[in-house]
Amino acid sequence: MPSSRPAPRRRTAALLALGVLAAGCTGAPDGPDGGGAAGSGDVATTDAPAPEPRSASQRLGLRTGWGPSRAELDTAARRTARLSLPELAGQVIVARWSGTGAPTALVQRLHLGGVVVFADNVSSTDQLRRATRGLQRDVDRAWPLLVAVDQEGGTVARVRGQATGFPAFMSTGAAGDAALTRRTYAASGRELRGLGINVDLAPDADVTTGPGDPVIGSRSAGSDPAAVARQVVAAARGFRDAGVVPVVKHFPGHGSLTTDSHLALPVQRRPVAALARTDLRPFRAAVEAGLPAVMTGHIAVADVDPGVPASLSRPVVTGLLRERLGFEGVVMSDALDMAAVSGRRTPAVQVLRAGGDVVLMPPDPAATRAAIVRAVRDGRLGRDRLRQAAARTIALLEHHRTGDPAPPGSGRAASRRLSAAAVTVAAGACRGPLVRGAVVPLGGDAAVAAFRAAARSAGMALGEVRYEKPPRPESTGRRKKDRAALRRWRRTEPVRVVDGTPVHLLSGGAAPDTGVVVATDRPYLLGGSSAPVRIATYGETPGAMSALVDVLLGRERAPGRLPVDVPGVARRGC
């Protein structure tokens, strides 16, 4: 994409190679504008006066190279100049709402920049489409509203029902095909666009480190930073192909941490030089690819700004992400209703002072807007910093005003293709059928129902599960003895009898040692089983179960490979 500045690729790579990302990223002065350099990276002044910026967006310090053109940035900058201070403060807030109707009154009253869709806002895809269309139509705004969702695939999917279910992002690491990833996420994005959603809070750029990662898991493409980087860029480009803004998350990386930021503040203790080789690599790739938006995580980076969540830290957001990695696009905080930032005074103001642009899901949007207004009026936050944040988001939404919408369910073939490329046989034959005769799926209701439907469609024989008890004791004519025998019989639990090969569809917990064991989410449970056939599908969608059935029948091979180390598993795939 064209840019008004040199591309950051060579500069960023050199900085990372030299391990200087941490230099000068602490103790930066933070004036009323929330501006200023992060430490020793300032350019030395000369006697020659700096040239006056030529346009409205240049005067706000906005650069191209991440999506919006200079003309779009200029238009956005001029629009922010016409907003009142309360309107500017509302424009940087993206909030939750209650119910299934369009939250038009809430958005208009606070001049919110947008809203986030959660499962409790969705009763059907038709209802959601009506709500989002009504919201965009009825809010008197010259630019689009930001309508976001967490629709990653796998366990994180807010819109279900008629919408296509996609497998977890780890399936892309197992498949290892960036072109396929791009096509798959374009299909997902087209469905979202058809529902009136223009921003997806995905993909996860986190590099998972294994079973000790309690939050990210299968939301990550894997444990190899380079492979994760390739899949993140491919998925994000797929979303953009559909006209949906991807938000790469959770900077500077959550996959190597053992604390859940929903519950407490995780602390990243590794030095930045080490992070540059691992956690930061997918984000560096995202910046170099010109991707438009990054979400900062509530993670304290001890080597940069001890004790301060990255989302609220100027040394991390401005120093590390913007100045060192060269990111010029929209920075969105993680949700401010999470425990990692609870109890902190005016976290929204800290997000903006740090260099962020979007304040996501504050617990009280009205109080948050008032706090931002007060911060500008008392000099703790510069109005130009607020305008800069608002202008970035407005320009990005204008840049993605139109998209390539498709109806719900149109992505089912794409979802199955990804699952078929990802399914991994970690134990069992690599050719031919893996089961003989009837099979019996066991597990959660959704997975079992999807498997049964796929099996029936493929002509696979399905057995049954019966529960048997010993015969009722016969009377001996001795009442006391007969009553005791009858009581014992009634207390006897029925024994489960499986008529066929059991196929255990498991998303977690301990795995049995018999039949076929299938990991439908994280694959680590495969290492705790000695079952003769062990398979990872990274999802329990209809497409994943269809691909699984064809592999079990020997009709398709399983090309996927485990994208993480699984202790106890001897091979990564076939």
# chains A, B, ... in the order shown; residues from 1 in each chain; ligands from 1
$ residues_around --residues "stretch 413-420 of chain A" --least-positions-apart "5" --cutoff "6 Å" --atoms "only C-alpha atoms" --output "JSON list (two decimals) with N, CA and C atoms, in the first residue's frame"
[["chain", "number", "residue", "atom", "x", "y", "z"],
["A", 166, "PHE", "N", -17.01, -22.03, 12.21],
["A", 166, "PHE", "CA", -15.65, -22.26, 11.73],
["A", 166, "PHE", "C", -14.83, -22.90, 12.84],
["A", 184, "THR", "N", -10.59, -18.87, 3.59],
["A", 184, "THR", "CA", -11.53, -19.25, 4.65],
["A", 184, "THR", "C", -12.00, -18.03, 5.43],
["A", 543, "GLY", "N", -18.54, -29.15, 9.60],
["A", 543, "GLY", "CA", -17.46, -29.39, 8.65],
["A", 543, "GLY", "C", -16.34, -30.22, 9.24],
["A", 544, "ALA", "N", -15.98, -29.97, 10.50],
["A", 544, "ALA", "CA", -14.93, -30.74, 11.15],
["A", 544, "ALA", "C", -15.35, -32.19, 11.33],
["A", 547, "ALA", "N", -15.25, -34.00, 7.95],
["A", 547, "ALA", "CA", -13.88, -34.36, 7.59],
["A", 547, "ALA", "C", -13.39, -35.54, 8.42]]
$ select_by_dssp --residues "stretch 348-518 of chain A" --states "strand (DSSP E or B)" --output "ChimeraX atom specification"
/A:358-360,424-427,439-443,462,464-468,495-499,501-506,516-518
$ write_last_selection --atoms "N, CA, C and O atoms" --output "compact mmCIF listing (two decimals), in the first residue's frame"
# COMPACT_ATOMS: atom_id res chain seq x y z
N VAL A 358 -9.05 3.49 20.66
CA VAL A 358 -10.39 3.00 20.94
C VAL A 358 -10.43 2.45 22.35
O VAL A 358 -9.61 1.60 22.72
N VAL A 359 -11.39 2.94 23.12
CA VAL A 359 -11.63 2.48 24.50
C VAL A 359 -12.73 1.44 24.42
O VAL A 359 -13.88 1.76 24.15
N LEU A 360 -12.37 0.18 24.66
CA LEU A 360 -13.30 -0.92 24.42
C LEU A 360 -14.01 -1.34 25.70
O LEU A 360 -13.39 -1.62 26.72
N THR A 424 -5.77 -34.11 11.95
CA THR A 424 -4.44 -34.67 12.23
C THR A 424 -4.58 -36.03 12.89
O THR A 424 -5.21 -36.14 13.96
N VAL A 425 -3.98 -37.05 12.31
CA VAL A 425 -3.95 -38.38 12.92
C VAL A 425 -2.61 -38.52 13.64
O VAL A 425 -1.56 -38.69 13.01
N ALA A 426 -2.66 -38.46 14.96
CA ALA A 426 -1.45 -38.55 15.77
C ALA A 426 -1.11 -39.99 16.14
O ALA A 426 0.01 -40.28 16.53
N ALA A 427 -2.07 -40.89 16.06
CA ALA A 427 -1.85 -42.32 16.27
C ALA A 427 -2.87 -43.08 15.46
O ALA A 427 -4.04 -42.70 15.41
N VAL A 439 -19.87 -47.49 14.62
CA VAL A 439 -19.19 -46.64 15.59
C VAL A 439 -20.25 -45.97 16.46
O VAL A 439 -21.40 -45.80 16.05
N VAL A 440 -19.82 -45.57 17.65
CA VAL A 440 -20.72 -44.90 18.59
C VAL A 440 -20.05 -43.61 19.07
O VAL A 440 -19.06 -43.67 19.80
N PRO A 441 -20.54 -42.43 18.67
CA PRO A 441 -19.95 -41.18 19.14
C PRO A 441 -20.35 -40.90 20.59
O PRO A 441 -21.51 -41.03 20.96
N LEU A 442 -19.39 -40.50 21.38
CA LEU A 442 -19.61 -40.18 22.79
C LEU A 442 -18.98 -38.84 23.08
O LEU A 442 -17.85 -38.55 22.64
N GLY A 443 -19.68 -37.99 23.82
CA GLY A 443 -19.14 -36.68 24.16
C GLY A 443 -20.24 -35.67 24.37
O GLY A 443 -21.38 -36.03 24.70
N LEU A 462 -23.87 -46.63 12.46
CA LEU A 462 -23.88 -46.11 13.81
C LEU A 462 -24.44 -47.16 14.77
O LEU A 462 -25.51 -47.71 14.54
N GLU A 464 -25.23 -48.27 18.98
CA GLU A 464 -26.05 -47.68 20.04
C GLU A 464 -25.36 -47.83 21.39
O GLU A 464 -24.47 -48.67 21.57
N VAL A 465 -25.82 -47.01 22.31
CA VAL A 465 -25.41 -47.13 23.70
C VAL A 465 -26.61 -47.62 24.49
O VAL A 465 -27.69 -47.04 24.42
N ARG A 466 -26.43 -48.74 25.19
CA ARG A 466 -27.49 -49.28 26.03
C ARG A 466 -27.06 -49.27 27.48
O ARG A 466 -25.86 -49.33 27.80
N TYR A 467 -28.03 -49.15 28.34
CA TYR A 467 -27.76 -49.20 29.78
C TYR A 467 -28.50 -50.40 30.35
O TYR A 467 -29.73 -50.50 30.26
N GLU A 468 -27.74 -51.35 30.91
CA GLU A 468 -28.31 -52.60 31.38
C GLU A 468 -28.12 -52.76 32.88
O GLU A 468 -27.07 -52.39 33.42
N VAL A 495 -25.20 -50.47 33.77
CA VAL A 495 -23.89 -50.55 33.11
C VAL A 495 -24.07 -50.11 31.65
O VAL A 495 -24.98 -50.58 30.95
N ARG A 496 -23.18 -49.19 31.23
CA ARG A 496 -23.26 -48.72 29.83
C ARG A 496 -22.64 -49.77 28.91
O ARG A 496 -21.52 -50.23 29.11
N VAL A 497 -23.38 -50.13 27.89
CA VAL A 497 -22.92 -51.09 26.89
C VAL A 497 -22.86 -50.37 25.55
O VAL A 497 -23.88 -49.84 25.08
N VAL A 498 -21.70 -50.33 24.95
CA VAL A 498 -21.50 -49.64 23.67
C VAL A 498 -21.46 -50.69 22.57
O VAL A 498 -20.56 -51.54 22.53
N ASP A 499 -22.44 -50.62 21.70
CA ASP A 499 -22.53 -51.57 20.59
C ASP A 499 -21.82 -50.99 19.36
O ASP A 499 -22.44 -50.41 18.46
N THR A 501 -17.59 -49.42 17.88
CA THR A 501 -16.33 -48.78 18.28
C THR A 501 -16.63 -47.40 18.85
O THR A 501 -17.23 -46.56 18.16
N PRO A 502 -16.23 -47.12 20.09
CA PRO A 502 -16.50 -45.79 20.64
C PRO A 502 -15.61 -44.74 20.00
O PRO A 502 -14.41 -44.96 19.79
N VAL A 503 -16.20 -43.62 19.65
CA VAL A 503 -15.46 -42.45 19.15
C VAL A 503 -15.65 -41.36 20.19
O VAL A 503 -16.74 -40.76 20.28
N HIS A 504 -14.63 -41.11 20.98
CA HIS A 504 -14.72 -40.16 22.09
C HIS A 504 -14.41 -38.75 21.57
O HIS A 504 -13.27 -38.47 21.18
N LEU A 505 -15.40 -37.87 21.56
CA LEU A 505 -15.26 -36.49 21.08
C LEU A 505 -15.06 -35.60 22.30
O LEU A 505 -16.01 -35.29 23.01
N LEU A 506 -13.81 -35.18 22.54
CA LEU A 506 -13.47 -34.53 23.80
C LEU A 506 -12.85 -33.16 23.56
O LEU A 506 -11.95 -32.99 22.74
N VAL A 516 -11.50 -44.76 19.57
CA VAL A 516 -10.94 -43.59 18.88
C VAL A 516 -11.09 -42.39 19.81
O VAL A 516 -12.18 -42.11 20.28
N VAL A 517 -9.99 -41.70 20.05
CA VAL A 517 -10.02 -40.48 20.87
C VAL A 517 -9.81 -39.29 19.95
O VAL A 517 -8.81 -39.24 19.20
N VAL A 518 -10.74 -38.34 20.00
CA VAL A 518 -10.69 -37.16 19.13
C VAL A 518 -10.63 -35.92 20.01
O VAL A 518 -11.53 -35.68 20.82
$ closest_atom_pairs --of "stretch 472-531 of chain A" --to "stretch 215-232 of chain A" --cutoff "12 Å" --atoms "only C-alpha atoms" --output "Markdown table"
| residue | atom | partner | partner_atom | distance |
| --- | --- | --- | --- | --- |
| A:Ser507 | CA | A:Ser218 | CA | 10.6 |
| A:Gly508 | CA | A:Gly217 | CA | 11.5 |
| A:Ala519 | CA | A:Ser218 | CA | 11.0 |
| A:Thr520 | CA | A:Ser218 | CA | 9.8 |
| A:Asp521 | CA | A:Ser218 | CA | 6.2 |
| A:Arg522 | CA | A:Ser218 | CA | 5.4 |
| A:Pro523 | CA | A:Ser218 | CA | 8.4 |
| A:Tyr524 | CA | A:Gly217 | CA | 9.9 |
$ closest_residue --among "A:Thr75, A:Thr164, A:Thr208, A:Ser171" --to "A:Pro559" --atoms "only C-alpha atoms"
A:Ser171
$ residues_around --residues "A:Asp364" --least-positions-apart "6" --cutoff "10 Å" --atoms "only C-alpha atoms" --output "JSON list (two decimals) with N, CA and C atoms, in the first residue's frame"
[["chain", "number", "residue", "atom", "x", "y", "z"],
["A", 95, "ALA", "N", -18.87, 0.30, 23.05],
["A", 95, "ALA", "CA", -19.51, -0.23, 24.25],
["A", 95, "ALA", "C", -20.32, -1.49, 23.98],
["A", 96, "ARG", "N", -20.61, -2.21, 25.06],
["A", 96, "ARG", "CA", -21.61, -3.28, 25.02],
["A", 96, "ARG", "C", -22.99, -2.68, 25.13],
["A", 336, "LEU", "N", -12.29, -3.02, 28.95],
["A", 336, "LEU", "CA", -11.98, -2.38, 30.24],
["A", 336, "LEU", "C", -12.84, -2.90, 31.38],
["A", 337, "ASP", "N", -13.69, -3.89, 31.12],
["A", 337, "ASP", "CA", -14.46, -4.49, 32.21],
["A", 337, "ASP", "C", -13.76, -5.73, 32.77]]
$ closest_residue --among "A:Ala375, A:Ala71, A:Ala236, A:Ala274" --to "A:Ser188" --atoms "only C-alpha atoms"
A:Ala236
$ closest_residue --among "A:Gly113, A:Pro203, A:Gly238, A:Gly290" --to "A:Ala179" --atoms "only C-alpha atoms"
A:Gly238
$ atom_distance --atom1 "atom CA of A:Gly356" --atom2 "atom CA of A:Val331"
4.9 Å
$ closest_residue --among "A:Glu474, A:Asp357, A:Ala458, A:Lys469" --to "A:Pro494" --atoms "only C-alpha atoms"
A:Lys469
$ closest_residue --among "A:Asp126, A:Asp200, A:Asp305, A:Asp260" --to "A:Leu146" --atoms "only C-alpha atoms"
A:Asp200
$ select_by_dssp --residues "stretch 293-384 of chain A" --states "alpha helix (DSSP H)" --output "number ranges by chain"
A: 314, 347-354, 365-377, 383-384
$ write_last_selection --atoms "C-alpha atoms" --output "PDB file, in the first residue's frame"
ATOM      1  CA  ARG A 314       2.727   4.765  27.008  1.00  0.00           C
ATOM      2  CA  PRO A 347      -8.334   3.660  32.719  1.00  0.00           C
ATOM      3  CA  ALA A 348      -9.917   5.112  29.575  1.00  0.00           C
ATOM      4  CA  VAL A 349      -7.899   8.294  29.951  1.00  0.00           C
ATOM      5  CA  GLN A 350      -4.776   6.180  30.451  1.00  0.00           C
ATOM      6  CA  VAL A 351      -5.551   4.262  27.250  1.00  0.00           C
ATOM      7  CA  LEU A 352      -5.650   7.519  25.303  1.00  0.00           C
ATOM      8  CA  ARG A 353      -2.592   9.016  26.984  1.00  0.00           C
ATOM      9  CA  ALA A 354      -0.709   5.807  26.205  1.00  0.00           C
ATOM     10  CA  PRO A 365     -19.822   4.327  29.085  1.00  0.00           C
ATOM     11  CA  ALA A 366     -21.444   7.544  30.347  1.00  0.00           C
ATOM     12  CA  ALA A 367     -19.035   7.868  33.272  1.00  0.00           C
ATOM     13  CA  THR A 368     -16.140   7.048  30.964  1.00  0.00           C
ATOM     14  CA  ARG A 369     -17.109   9.788  28.525  1.00  0.00           C
ATOM     15  CA  ALA A 370     -17.376  12.259  31.381  1.00  0.00           C
ATOM     16  CA  ALA A 371     -13.921  11.241  32.644  1.00  0.00           C
ATOM     17  CA  ILE A 372     -12.376  11.827  29.209  1.00  0.00           C
ATOM     18  CA  VAL A 373     -14.017  15.263  28.984  1.00  0.00           C
ATOM     19  CA  ARG A 374     -12.687  16.203  32.441  1.00  0.00           C
ATOM     20  CA  ALA A 375      -9.191  15.026  31.507  1.00  0.00           C
ATOM     21  CA  VAL A 376      -9.134  17.339  28.489  1.00  0.00           C
ATOM     22  CA  ARG A 377     -10.538  20.287  30.426  1.00  0.00           C
ATOM     23  CA  ARG A 383      -7.674  17.658  22.661  1.00  0.00           C
ATOM     24  CA  ASP A 384      -5.469  17.008  19.634  1.00  0.00           C
TER      25      ASP A 384
END
$ residues_around --residues "A:Pro282" --least-positions-apart "2" --cutoff "6 Å" --atoms "only C-alpha atoms" --output "PyMOL selection string"
chain A and resi 205+229+280+284-285
$ residues_around --residues "A:Thr132" --least-positions-apart "2" --cutoff "8 Å" --atoms "only C-alpha atoms" --output "MDAnalysis selection string"
chainID A and resid 102 128:130 134:136 147 195:197
$ atom_distance --atom1 "atom CA of A:Asn121" --atom2 "atom CA of A:Ser98"
6.7 Å
$ residues_around --residues "stretch 341-345 of chain A" --least-positions-apart "6" --cutoff "8 Å" --atoms "only C-alpha atoms" --output "NGL selection string"
:A and (265 or 298 or 309)
$ closest_residue --among "A:Ser124, A:Thr537, A:Ser546, A:Thr393" --to "A:Gln91" --atoms "only C-alpha atoms"
A:Thr393
$ residues_around --residues "A:Gly560" --least-positions-apart "3" --cutoff "12 Å" --atoms "only C-alpha atoms" --output "VMD selection string"
chain A and resid 170 to 177 417 to 426 430 535 to 538 547 to 548 551 556 to 557 563 to 564 571 to 574
$ write_last_selection --atoms "C-alpha atoms" --output "CSV table (one decimal), in the first residue's frame"
chain,number,residue,atom,x,y,z
A,170,MET,CA,-5.3,-23.5,15.5
A,171,SER,CA,-6.7,-25.4,12.5
A,172,THR,CA,-4.8,-22.9,10.3
A,173,GLY,CA,-1.5,-23.9,11.9
A,174,ALA,CA,-2.3,-27.5,11.5
A,175,ALA,CA,-3.2,-27.1,7.8
A,176,GLY,CA,-0.2,-24.8,7.1
A,177,ASP,CA,-1.7,-23.3,4.0
A,417,ARG,CA,-12.1,-27.3,3.5
A,418,LEU,CA,-10.1,-25.8,6.3
A,419,SER,CA,-11.1,-28.7,8.7
A,420,ALA,CA,-10.2,-31.3,6.0
A,421,ALA,CA,-6.8,-29.8,5.6
A,422,ALA,CA,-6.2,-29.6,9.3
A,423,VAL,CA,-7.4,-32.9,10.7
A,424,THR,CA,-4.4,-34.7,12.2
A,425,VAL,CA,-3.9,-38.4,12.9
A,426,ALA,CA,-1.4,-38.6,15.8
A,430,CYS,CA,-2.2,-43.1,7.8
A,535,ILE,CA,-7.0,-37.6,16.1
A,536,ALA,CA,-7.2,-33.8,16.4
A,537,THR,CA,-9.9,-31.8,14.6
A,538,TYR,CA,-9.5,-28.4,16.3
A,547,ALA,CA,-13.9,-34.4,7.6
A,548,LEU,CA,-13.4,-36.7,10.6
A,551,VAL,CA,-10.8,-39.9,7.5
A,556,GLU,CA,-9.7,-39.0,2.8
A,557,ARG,CA,-6.2,-38.8,4.2
A,563,PRO,CA,1.1,-27.1,15.4
A,564,VAL,CA,2.1,-27.5,19.1
A,571,ARG,CA,4.4,-38.1,15.9
A,572,ARG,CA,2.9,-34.8,14.7
A,573,GLY,CA,0.8,-36.3,11.9
A,574,CYS,CA,0.9,-38.6,8.9
